[in-house]
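One file, structure-v7.cif, carrying mmCIF, N, CA and C atoms:
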data_data
#
loop_
_atom_site.label_atom_id
_atom_site.label_comp_id
_atom_site.auth_asym_id
_atom_site.auth_seq_id
_atom_site.Cartn_x
_atom_site.Cartn_y
_atom_site.Cartn_z
N GLN A 3 -38.80 84.99 -31.42
CA GLN A 3 -40.13 85.01 -30.83
C GLN A 3 -41.19 85.26 -31.90
N GLU A 4 -40.85 86.08 -32.90
CA GLU A 4 -41.83 86.35 -33.96
C GLU A 4 -42.17 85.06 -34.72
N ILE A 5 -41.16 84.34 -35.09
CA ILE A 5 -41.39 83.11 -35.85
C ILE A 5 -42.03 82.05 -34.96
N LEU A 6 -41.60 81.95 -33.73
CA LEU A 6 -42.19 81.00 -32.79
C LEU A 6 -43.69 81.27 -32.64
N SER A 7 -44.06 82.52 -32.44
CA SER A 7 -45.47 82.87 -32.32
C SER A 7 -46.24 82.51 -33.59
N THR A 8 -45.64 82.76 -34.74
CA THR A 8 -46.28 82.44 -36.02
C THR A 8 -46.50 80.94 -36.15
N LEU A 9 -45.50 80.16 -35.82
CA LEU A 9 -45.63 78.71 -35.93
C LEU A 9 -46.68 78.17 -34.97
N LYS A 10 -46.78 78.76 -33.80
CA LYS A 10 -47.81 78.34 -32.85
C LYS A 10 -49.20 78.59 -33.40
N ILE A 11 -49.35 79.68 -34.15
CA ILE A 11 -50.65 80.04 -34.72
C ILE A 11 -50.96 79.22 -35.97
N THR A 12 -49.95 78.96 -36.80
CA THR A 12 -50.21 78.40 -38.13
C THR A 12 -49.99 76.90 -38.26
N THR A 13 -49.44 76.25 -37.24
CA THR A 13 -49.20 74.80 -37.35
C THR A 13 -49.91 74.06 -36.22
N ASN A 14 -49.95 72.76 -36.37
CA ASN A 14 -50.55 71.91 -35.35
C ASN A 14 -49.52 71.29 -34.42
N TYR A 15 -48.26 71.74 -34.51
CA TYR A 15 -47.23 71.20 -33.64
C TYR A 15 -47.50 71.59 -32.19
N SER A 16 -47.09 70.73 -31.29
CA SER A 16 -47.20 71.02 -29.86
C SER A 16 -46.41 72.28 -29.54
N HIS A 17 -46.99 73.16 -28.76
CA HIS A 17 -46.29 74.40 -28.38
C HIS A 17 -45.04 74.08 -27.57
N ASP A 18 -45.09 73.04 -26.75
CA ASP A 18 -43.90 72.63 -25.99
C ASP A 18 -42.78 72.23 -26.95
N PHE A 19 -43.12 71.44 -27.97
CA PHE A 19 -42.12 71.03 -28.97
C PHE A 19 -41.52 72.25 -29.66
N LEU A 20 -42.37 73.17 -30.09
CA LEU A 20 -41.89 74.37 -30.79
C LEU A 20 -40.96 75.19 -29.89
N GLU A 21 -41.30 75.34 -28.63
CA GLU A 21 -40.47 76.11 -27.71
C GLU A 21 -39.12 75.43 -27.47
N ILE A 22 -39.13 74.11 -27.32
CA ILE A 22 -37.87 73.37 -27.13
C ILE A 22 -37.00 73.50 -28.38
N TYR A 23 -37.60 73.35 -29.54
CA TYR A 23 -36.86 73.46 -30.79
C TYR A 23 -36.29 74.87 -30.96
N ALA A 24 -37.09 75.88 -30.67
CA ALA A 24 -36.63 77.27 -30.79
C ALA A 24 -35.46 77.52 -29.84
N GLU A 25 -35.57 77.04 -28.62
CA GLU A 25 -34.48 77.20 -27.64
C GLU A 25 -33.20 76.54 -28.14
N LYS A 26 -33.33 75.35 -28.71
CA LYS A 26 -32.16 74.64 -29.26
C LYS A 26 -31.50 75.45 -30.37
N GLU A 27 -32.32 75.98 -31.28
CA GLU A 27 -31.78 76.75 -32.39
C GLU A 27 -31.10 78.04 -31.92
N VAL A 28 -31.72 78.74 -30.99
CA VAL A 28 -31.13 79.97 -30.48
C VAL A 28 -29.82 79.67 -29.78
N SER A 29 -29.75 78.61 -29.00
CA SER A 29 -28.50 78.27 -28.31
C SER A 29 -27.41 77.92 -29.31
N ARG A 30 -27.79 77.29 -30.42
CA ARG A 30 -26.81 76.96 -31.46
C ARG A 30 -26.22 78.24 -32.05
N PHE A 31 -27.06 79.24 -32.28
CA PHE A 31 -26.56 80.49 -32.85
C PHE A 31 -25.72 81.28 -31.85
N LYS A 32 -25.93 81.06 -30.57
CA LYS A 32 -25.15 81.75 -29.54
C LYS A 32 -23.79 81.11 -29.30
N ASN A 33 -23.58 79.91 -29.82
CA ASN A 33 -22.34 79.18 -29.60
C ASN A 33 -21.21 79.81 -30.43
N ASN A 34 -20.25 80.42 -29.74
CA ASN A 34 -19.14 81.09 -30.43
C ASN A 34 -18.26 80.12 -31.22
N LEU A 35 -18.28 78.84 -30.86
CA LEU A 35 -17.48 77.86 -31.58
C LEU A 35 -18.06 77.53 -32.95
N LEU A 36 -19.31 77.87 -33.15
CA LEU A 36 -19.96 77.62 -34.43
C LEU A 36 -20.07 78.89 -35.26
N PHE A 37 -19.05 79.72 -35.20
CA PHE A 37 -19.03 80.99 -35.92
C PHE A 37 -19.34 80.78 -37.40
N ASP A 38 -20.25 81.54 -37.92
CA ASP A 38 -20.65 81.47 -39.32
C ASP A 38 -20.50 82.86 -39.92
N PRO A 39 -19.54 83.07 -40.83
CA PRO A 39 -19.31 84.41 -41.37
C PRO A 39 -20.51 84.94 -42.15
N ILE A 40 -20.70 86.25 -42.08
CA ILE A 40 -21.79 86.93 -42.79
C ILE A 40 -21.77 86.56 -44.27
N LYS A 41 -20.60 86.50 -44.84
CA LYS A 41 -20.46 86.19 -46.25
C LYS A 41 -21.15 84.86 -46.61
N ARG A 42 -21.07 83.89 -45.71
CA ARG A 42 -21.70 82.59 -45.99
C ARG A 42 -23.21 82.63 -45.73
N VAL A 43 -23.61 83.27 -44.64
CA VAL A 43 -25.03 83.33 -44.26
C VAL A 43 -25.82 84.19 -45.25
N ALA A 44 -25.23 85.29 -45.69
CA ALA A 44 -25.95 86.26 -46.53
C ALA A 44 -25.83 85.98 -48.03
N ARG A 45 -24.96 85.08 -48.41
CA ARG A 45 -24.71 84.87 -49.85
C ARG A 45 -25.99 84.53 -50.61
N GLU A 46 -25.98 84.91 -51.87
CA GLU A 46 -27.10 84.67 -52.78
C GLU A 46 -28.45 85.15 -52.21
N PRO A 47 -28.55 86.43 -51.93
CA PRO A 47 -29.78 86.95 -51.32
C PRO A 47 -31.03 86.82 -52.20
N ILE A 48 -30.88 86.75 -53.51
CA ILE A 48 -32.06 86.64 -54.38
C ILE A 48 -32.84 85.37 -54.05
N ARG A 49 -32.14 84.30 -53.81
CA ARG A 49 -32.79 83.02 -53.48
C ARG A 49 -33.61 83.15 -52.20
N LYS A 50 -33.10 83.87 -51.22
CA LYS A 50 -33.77 84.03 -49.93
C LYS A 50 -34.91 85.05 -50.00
N LEU A 51 -34.81 85.97 -50.97
CA LEU A 51 -35.82 87.02 -51.11
C LEU A 51 -36.86 86.72 -52.19
N ALA A 52 -36.75 85.58 -52.83
CA ALA A 52 -37.74 85.19 -53.85
C ALA A 52 -39.11 85.03 -53.19
N PRO A 53 -40.18 85.15 -53.96
CA PRO A 53 -41.53 85.04 -53.38
C PRO A 53 -41.75 83.77 -52.54
N THR A 54 -41.08 82.67 -52.90
CA THR A 54 -41.21 81.44 -52.11
C THR A 54 -39.95 81.16 -51.28
N GLY A 55 -39.07 82.15 -51.18
CA GLY A 55 -37.82 81.97 -50.45
C GLY A 55 -38.01 82.02 -48.95
N ARG A 56 -36.94 81.79 -48.24
CA ARG A 56 -36.97 81.72 -46.77
C ARG A 56 -37.55 82.97 -46.12
N LEU A 57 -37.07 84.11 -46.51
CA LEU A 57 -37.47 85.35 -45.85
C LEU A 57 -38.89 85.78 -46.23
N ILE A 58 -39.19 85.77 -47.50
CA ILE A 58 -40.51 86.23 -47.94
C ILE A 58 -41.59 85.21 -47.59
N GLY A 59 -41.26 83.94 -47.64
CA GLY A 59 -42.21 82.91 -47.22
C GLY A 59 -42.61 83.06 -45.77
N VAL A 60 -41.64 83.32 -44.91
CA VAL A 60 -41.94 83.54 -43.49
C VAL A 60 -42.70 84.84 -43.29
N LEU A 61 -42.33 85.88 -44.05
CA LEU A 61 -43.05 87.15 -43.97
C LEU A 61 -44.53 86.93 -44.28
N ARG A 62 -44.81 86.17 -45.34
CA ARG A 62 -46.19 85.89 -45.73
C ARG A 62 -46.93 85.20 -44.58
N MET A 63 -46.29 84.19 -43.98
CA MET A 63 -46.91 83.48 -42.85
C MET A 63 -47.20 84.42 -41.69
N MET A 64 -46.25 85.28 -41.39
CA MET A 64 -46.41 86.19 -40.25
C MET A 64 -47.54 87.18 -40.49
N LEU A 65 -47.57 87.75 -41.68
CA LEU A 65 -48.62 88.74 -41.97
C LEU A 65 -50.00 88.09 -41.95
N ARG A 66 -50.09 86.88 -42.46
CA ARG A 66 -51.38 86.17 -42.46
C ARG A 66 -51.82 85.78 -41.06
N SER A 67 -50.85 85.55 -40.18
CA SER A 67 -51.21 85.12 -38.82
C SER A 67 -51.39 86.29 -37.86
N GLY A 68 -51.09 87.51 -38.34
CA GLY A 68 -51.26 88.68 -37.49
C GLY A 68 -50.09 88.99 -36.59
N VAL A 69 -48.94 88.36 -36.84
CA VAL A 69 -47.73 88.62 -36.05
C VAL A 69 -46.94 89.70 -36.77
N TYR A 70 -46.60 90.77 -36.05
CA TYR A 70 -45.86 91.87 -36.67
C TYR A 70 -44.38 91.48 -36.81
N PRO A 71 -43.84 91.50 -38.04
CA PRO A 71 -42.49 91.02 -38.31
C PRO A 71 -41.39 92.10 -38.19
N HIS A 72 -41.25 92.69 -37.03
CA HIS A 72 -40.24 93.74 -36.85
C HIS A 72 -38.83 93.23 -37.13
N PHE A 73 -38.42 92.18 -36.44
CA PHE A 73 -37.05 91.69 -36.60
C PHE A 73 -36.83 90.99 -37.94
N LEU A 74 -37.86 90.31 -38.44
CA LEU A 74 -37.75 89.72 -39.77
C LEU A 74 -37.54 90.82 -40.81
N MET A 75 -38.23 91.94 -40.66
CA MET A 75 -38.08 93.05 -41.60
C MET A 75 -36.65 93.58 -41.58
N LEU A 76 -36.00 93.58 -40.41
CA LEU A 76 -34.60 93.99 -40.36
C LEU A 76 -33.74 93.03 -41.19
N GLY A 77 -34.03 91.74 -41.09
CA GLY A 77 -33.31 90.75 -41.88
C GLY A 77 -33.56 90.92 -43.37
N ILE A 78 -34.79 91.21 -43.73
CA ILE A 78 -35.12 91.43 -45.14
C ILE A 78 -34.40 92.67 -45.67
N ALA A 79 -34.41 93.75 -44.91
CA ALA A 79 -33.71 94.98 -45.33
C ALA A 79 -32.22 94.72 -45.48
N ALA A 80 -31.64 93.98 -44.54
CA ALA A 80 -30.20 93.65 -44.62
C ALA A 80 -29.92 92.80 -45.86
N ALA A 81 -30.80 91.86 -46.16
CA ALA A 81 -30.61 91.01 -47.34
C ALA A 81 -30.71 91.84 -48.62
N ILE A 82 -31.65 92.77 -48.65
CA ILE A 82 -31.80 93.63 -49.83
C ILE A 82 -30.56 94.49 -50.03
N LYS A 83 -29.97 94.96 -48.97
CA LYS A 83 -28.78 95.84 -49.06
C LYS A 83 -27.48 95.06 -49.24
N TYR A 84 -27.50 93.75 -49.07
CA TYR A 84 -26.27 92.96 -49.19
C TYR A 84 -25.79 93.00 -50.63
N ASN A 85 -24.57 93.49 -50.81
CA ASN A 85 -24.04 93.57 -52.18
C ASN A 85 -22.52 93.36 -52.20
N ALA A 86 -22.12 92.20 -51.71
CA ALA A 86 -20.70 91.84 -51.76
C ALA A 86 -20.29 91.61 -53.21
N LYS A 87 -19.23 92.24 -53.63
CA LYS A 87 -18.81 92.19 -55.03
C LYS A 87 -18.52 90.78 -55.52
N GLU A 88 -18.09 89.90 -54.64
CA GLU A 88 -17.78 88.53 -55.05
C GLU A 88 -19.00 87.61 -55.08
N ASP A 89 -20.16 88.11 -54.64
CA ASP A 89 -21.38 87.31 -54.63
C ASP A 89 -21.98 87.24 -56.03
N LYS A 90 -22.51 86.08 -56.41
CA LYS A 90 -23.07 85.93 -57.77
C LYS A 90 -24.29 86.82 -58.01
N ASP A 91 -24.95 87.27 -56.95
CA ASP A 91 -26.12 88.15 -57.07
C ASP A 91 -25.76 89.64 -57.03
N TYR A 92 -24.48 89.95 -57.00
CA TYR A 92 -24.03 91.34 -56.81
C TYR A 92 -24.66 92.32 -57.80
N PHE A 93 -24.62 92.02 -59.09
CA PHE A 93 -25.08 93.00 -60.09
C PHE A 93 -26.58 93.27 -59.97
N VAL A 94 -27.34 92.23 -59.70
CA VAL A 94 -28.78 92.43 -59.53
C VAL A 94 -29.06 93.22 -58.25
N MET A 95 -28.44 92.82 -57.14
CA MET A 95 -28.68 93.49 -55.87
C MET A 95 -28.20 94.94 -55.91
N ASN A 96 -27.12 95.18 -56.58
CA ASN A 96 -26.57 96.54 -56.68
C ASN A 96 -27.43 97.44 -57.56
N SER A 97 -28.32 96.87 -58.35
CA SER A 97 -29.17 97.68 -59.22
C SER A 97 -30.25 98.43 -58.44
N LEU A 98 -30.40 98.15 -57.16
CA LEU A 98 -31.38 98.86 -56.33
C LEU A 98 -31.17 100.37 -56.41
N ARG A 99 -29.96 100.79 -56.63
CA ARG A 99 -29.69 102.23 -56.68
C ARG A 99 -30.36 102.91 -57.88
N PHE A 100 -30.83 102.12 -58.85
CA PHE A 100 -31.48 102.67 -60.04
C PHE A 100 -33.00 102.68 -59.95
N TYR A 101 -33.57 102.01 -58.96
CA TYR A 101 -35.02 101.83 -58.88
C TYR A 101 -35.57 102.24 -57.53
N GLU A 102 -36.86 102.48 -57.50
CA GLU A 102 -37.58 102.56 -56.23
C GLU A 102 -37.66 101.13 -55.70
N ILE A 103 -37.83 100.98 -54.40
CA ILE A 103 -37.85 99.65 -53.80
C ILE A 103 -38.97 98.79 -54.41
N SER A 104 -40.13 99.36 -54.69
CA SER A 104 -41.23 98.56 -55.25
C SER A 104 -40.87 97.97 -56.61
N ALA A 105 -40.24 98.76 -57.47
CA ALA A 105 -39.83 98.27 -58.79
C ALA A 105 -38.74 97.21 -58.64
N PHE A 106 -37.82 97.44 -57.73
CA PHE A 106 -36.75 96.46 -57.49
C PHE A 106 -37.34 95.12 -57.06
N LEU A 107 -38.30 95.15 -56.14
CA LEU A 107 -38.92 93.91 -55.65
C LEU A 107 -39.63 93.18 -56.79
N GLU A 108 -40.32 93.94 -57.63
CA GLU A 108 -41.07 93.30 -58.70
C GLU A 108 -40.17 92.79 -59.82
N TYR A 109 -39.30 93.61 -60.33
CA TYR A 109 -38.53 93.25 -61.51
C TYR A 109 -37.32 92.38 -61.22
N ASN A 110 -36.73 92.52 -60.08
CA ASN A 110 -35.54 91.73 -59.78
C ASN A 110 -35.80 90.52 -58.88
N LEU A 111 -36.86 90.59 -58.08
CA LEU A 111 -37.12 89.49 -57.16
C LEU A 111 -38.40 88.74 -57.50
N GLY A 112 -39.22 89.27 -58.41
CA GLY A 112 -40.44 88.59 -58.81
C GLY A 112 -41.57 88.71 -57.81
N LEU A 113 -41.50 89.71 -56.95
CA LEU A 113 -42.54 89.92 -55.95
C LEU A 113 -43.57 90.90 -56.50
N GLU A 114 -44.79 90.45 -56.71
CA GLU A 114 -45.82 91.30 -57.31
C GLU A 114 -46.01 92.58 -56.50
N SER A 115 -46.12 93.71 -57.19
CA SER A 115 -46.18 95.01 -56.51
C SER A 115 -47.39 95.17 -55.60
N LYS A 116 -48.49 94.50 -55.91
CA LYS A 116 -49.70 94.62 -55.08
C LYS A 116 -49.82 93.51 -54.04
N SER A 117 -48.79 92.68 -53.92
CA SER A 117 -48.85 91.63 -52.91
C SER A 117 -48.70 92.25 -51.52
N ILE A 118 -49.25 91.59 -50.55
CA ILE A 118 -49.16 92.10 -49.18
C ILE A 118 -47.70 92.17 -48.72
N GLU A 119 -46.89 91.21 -49.18
CA GLU A 119 -45.47 91.20 -48.79
C GLU A 119 -44.75 92.41 -49.37
N SER A 120 -44.98 92.68 -50.65
CA SER A 120 -44.33 93.81 -51.29
C SER A 120 -44.77 95.13 -50.66
N GLU A 121 -46.06 95.27 -50.42
CA GLU A 121 -46.55 96.51 -49.81
C GLU A 121 -45.97 96.69 -48.41
N PHE A 122 -45.87 95.61 -47.64
CA PHE A 122 -45.30 95.71 -46.30
C PHE A 122 -43.84 96.14 -46.37
N ILE A 123 -43.08 95.49 -47.25
CA ILE A 123 -41.65 95.83 -47.38
C ILE A 123 -41.50 97.29 -47.79
N CYS A 124 -42.27 97.72 -48.78
CA CYS A 124 -42.17 99.11 -49.24
C CYS A 124 -42.49 100.10 -48.12
N MET A 125 -43.47 99.78 -47.30
CA MET A 125 -43.86 100.68 -46.21
C MET A 125 -42.80 100.74 -45.11
N HIS A 126 -42.06 99.66 -44.90
CA HIS A 126 -41.19 99.58 -43.74
C HIS A 126 -39.70 99.48 -44.06
N TYR A 127 -39.36 99.50 -45.33
CA TYR A 127 -37.96 99.33 -45.74
C TYR A 127 -37.05 100.42 -45.18
N GLN A 128 -37.40 101.67 -45.38
CA GLN A 128 -36.52 102.76 -44.92
C GLN A 128 -36.39 102.77 -43.40
N GLU A 129 -37.48 102.53 -42.71
CA GLU A 129 -37.45 102.45 -41.24
C GLU A 129 -36.51 101.33 -40.78
N ALA A 130 -36.57 100.19 -41.46
CA ALA A 130 -35.69 99.07 -41.11
C ALA A 130 -34.23 99.42 -41.37
N LEU A 131 -33.96 100.09 -42.48
CA LEU A 131 -32.58 100.52 -42.76
C LEU A 131 -32.07 101.47 -41.69
N ASN A 132 -32.90 102.40 -41.28
CA ASN A 132 -32.51 103.33 -40.22
C ASN A 132 -32.22 102.59 -38.93
N HIS A 133 -33.03 101.62 -38.61
CA HIS A 133 -32.82 100.81 -37.40
C HIS A 133 -31.51 100.03 -37.50
N LEU A 134 -31.23 99.47 -38.67
CA LEU A 134 -29.97 98.73 -38.87
C LEU A 134 -28.76 99.64 -38.69
N LYS A 135 -28.85 100.87 -39.18
CA LYS A 135 -27.74 101.82 -39.03
C LYS A 135 -27.45 102.08 -37.56
N ILE A 136 -28.50 102.21 -36.76
CA ILE A 136 -28.33 102.43 -35.32
C ILE A 136 -27.68 101.23 -34.68
N ILE A 137 -28.13 100.05 -35.03
CA ILE A 137 -27.57 98.80 -34.47
C ILE A 137 -26.09 98.67 -34.82
N MET A 138 -25.73 99.05 -36.04
CA MET A 138 -24.36 98.86 -36.52
C MET A 138 -23.36 99.88 -35.96
N GLN A 139 -23.86 100.90 -35.30
CA GLN A 139 -22.95 101.93 -34.76
C GLN A 139 -22.26 101.45 -33.51
#
Mind converting the file's structure to C-alpha cells?
Amino acid sequence: QEILSTLKITTNYSHDFLEIYAEKEVSRFKNNLLFDPIKRVAREPIRKLAPTGRLIGVLRMMLRSGVYPHFLMLGIAAAIKYNAKEDKDYFVMNSLRFYEISAFLEYNLGLESKSIESEFICMHYQEALNHLKIIMQ
C-alpha cells in the first residue's frame, strides 16, 4: 500500500492500472508454489541499498511524496542486517558492528550523511530492528 500510494502520487499511470498491477504482484508473492528463499531474495544487499538501488530509490520517492515508509523501513533494516557468510557482500555488511549507522551508510553504501534518506534511516533504524525482532518471534 505504501508503494501503491507513492506511485499514485508520483506517476501519471491510471490508478485502476496501478491497483490491478499491485493486486497481481501481491497474489504472486502469496503463491506457495512460487517459493523464493530468503537467500536468493536478500542476496547482495549493497546493490539494493545503494543510493540509486531498489530500496533507497523507493524510499526517496516515498519521502518526497509524503508517504510514510513504515514497511519499507522494515525491509531496509532487514537488508542492512543481512549478513550471510556465503554472500559476496558479507564482509562489508558485517562491518556495521564497527560503525554507527550513519557512518556505515555513508562509507559502505555511498549514501550522503545529510541526505533525507540517510537521516530518515538513522532516525528509524533501531525502531525498525525492534519491530523485526517482534515479528520474528
**Fill in**
In Å and to one decimal, atom C of A:Ile58 is distant from atom N of A:Leu111 by 12.7 Å
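Running the PyMOL selection byres (((chain A and resi 37-41 and name CA) around 12) and name CA) on this file leaves Arg30, Phe31, Lys32, Asn33, Asn34, Leu35, Leu36, Arg42, Val43, Ala44, Arg45, Glu46, Pro47, Ala80, Ala81, Tyr84, Asn85, Ala86, Lys87, Glu88, Asp89 and Lys90 of chain A selected.
Atom CA of A:Val94 lies 9.9 Å from atom C of A:Ile82.
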**Request:** Considering only C-alpha atoms, return as an NGL selection string whatever protein or nucleic-acid residues lie within 8 Å of stretch 113-126 of chain A, sequence-local ones (same chain, fewer than 3 positions apart) excluded.
**Result:** :A and (52-53 or 58 or 61-62 or 65 or 75 or 103-105 or 107-109 or 129-130)
**Request:** Run DSSP on the backbone of this structure and report the residues of stretch 45-86 of chain A it assigns to helix (DSSP H, G or I), as a PyMOL selection string.
**Result:** chain A and resi 47-51+56-67+72-83
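In this model, the gap between atom CA of A:Leu76 and atom N of A:Gln128 comes to 9.6 Å.
Proximity ranking of A:Tyr127, A:Phe73, A:Tyr23, A:Tyr92 relative to A:Ile48 places A:Tyr92 first, based on only N, CA and C atoms.
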Using all atoms of stretch 17-20 of chain A that appear in the file, construct an axis-aligned enclosing box with 4 Å of padding on every side and provide its centre coordinates and edge lengths in Å, rounded to one decimal, as JSON.
{"center_x": -44.0, "center_y": 73.1, "center_z": -28.4, "size_x": 14.0, "size_y": 12.2, "size_z": 12.8}
Tell me which protein, DNA and RNA residues are within 8 Å of A:Ser7, counting all atoms listed in the file, leaving out same-chain ones fewer than 6 positions away, and put them as a PDB file with N, CA and C atoms, in the frame of the given file.
ATOM      1  N   THR A  13     -49.440  76.250 -37.240  1.00  0.00           N
ATOM      2  CA  THR A  13     -49.200  74.800 -37.350  1.00  0.00           C
ATOM      3  C   THR A  13     -49.910  74.060 -36.220  1.00  0.00           C
ATOM      4  N   MET A  64     -46.250  85.280 -41.390  1.00  0.00           N
ATOM      5  CA  MET A  64     -46.410  86.190 -40.250  1.00  0.00           C
ATOM      6  C   MET A  64     -47.540  87.180 -40.490  1.00  0.00           C
ATOM      7  N   SER A  67     -50.850  85.550 -40.180  1.00  0.00           N
ATOM      8  CA  SER A  67     -51.210  85.120 -38.820  1.00  0.00           C
ATOM      9  C   SER A  67     -51.390  86.290 -37.860  1.00  0.00           C
ATOM     10  N   VAL A  69     -48.940  88.360 -36.840  1.00  0.00           N
ATOM     11  CA  VAL A  69     -47.730  88.620 -36.050  1.00  0.00           C
ATOM     12  C   VAL A  69     -46.940  89.700 -36.770  1.00  0.00           C
TER      13      VAL A  69
END
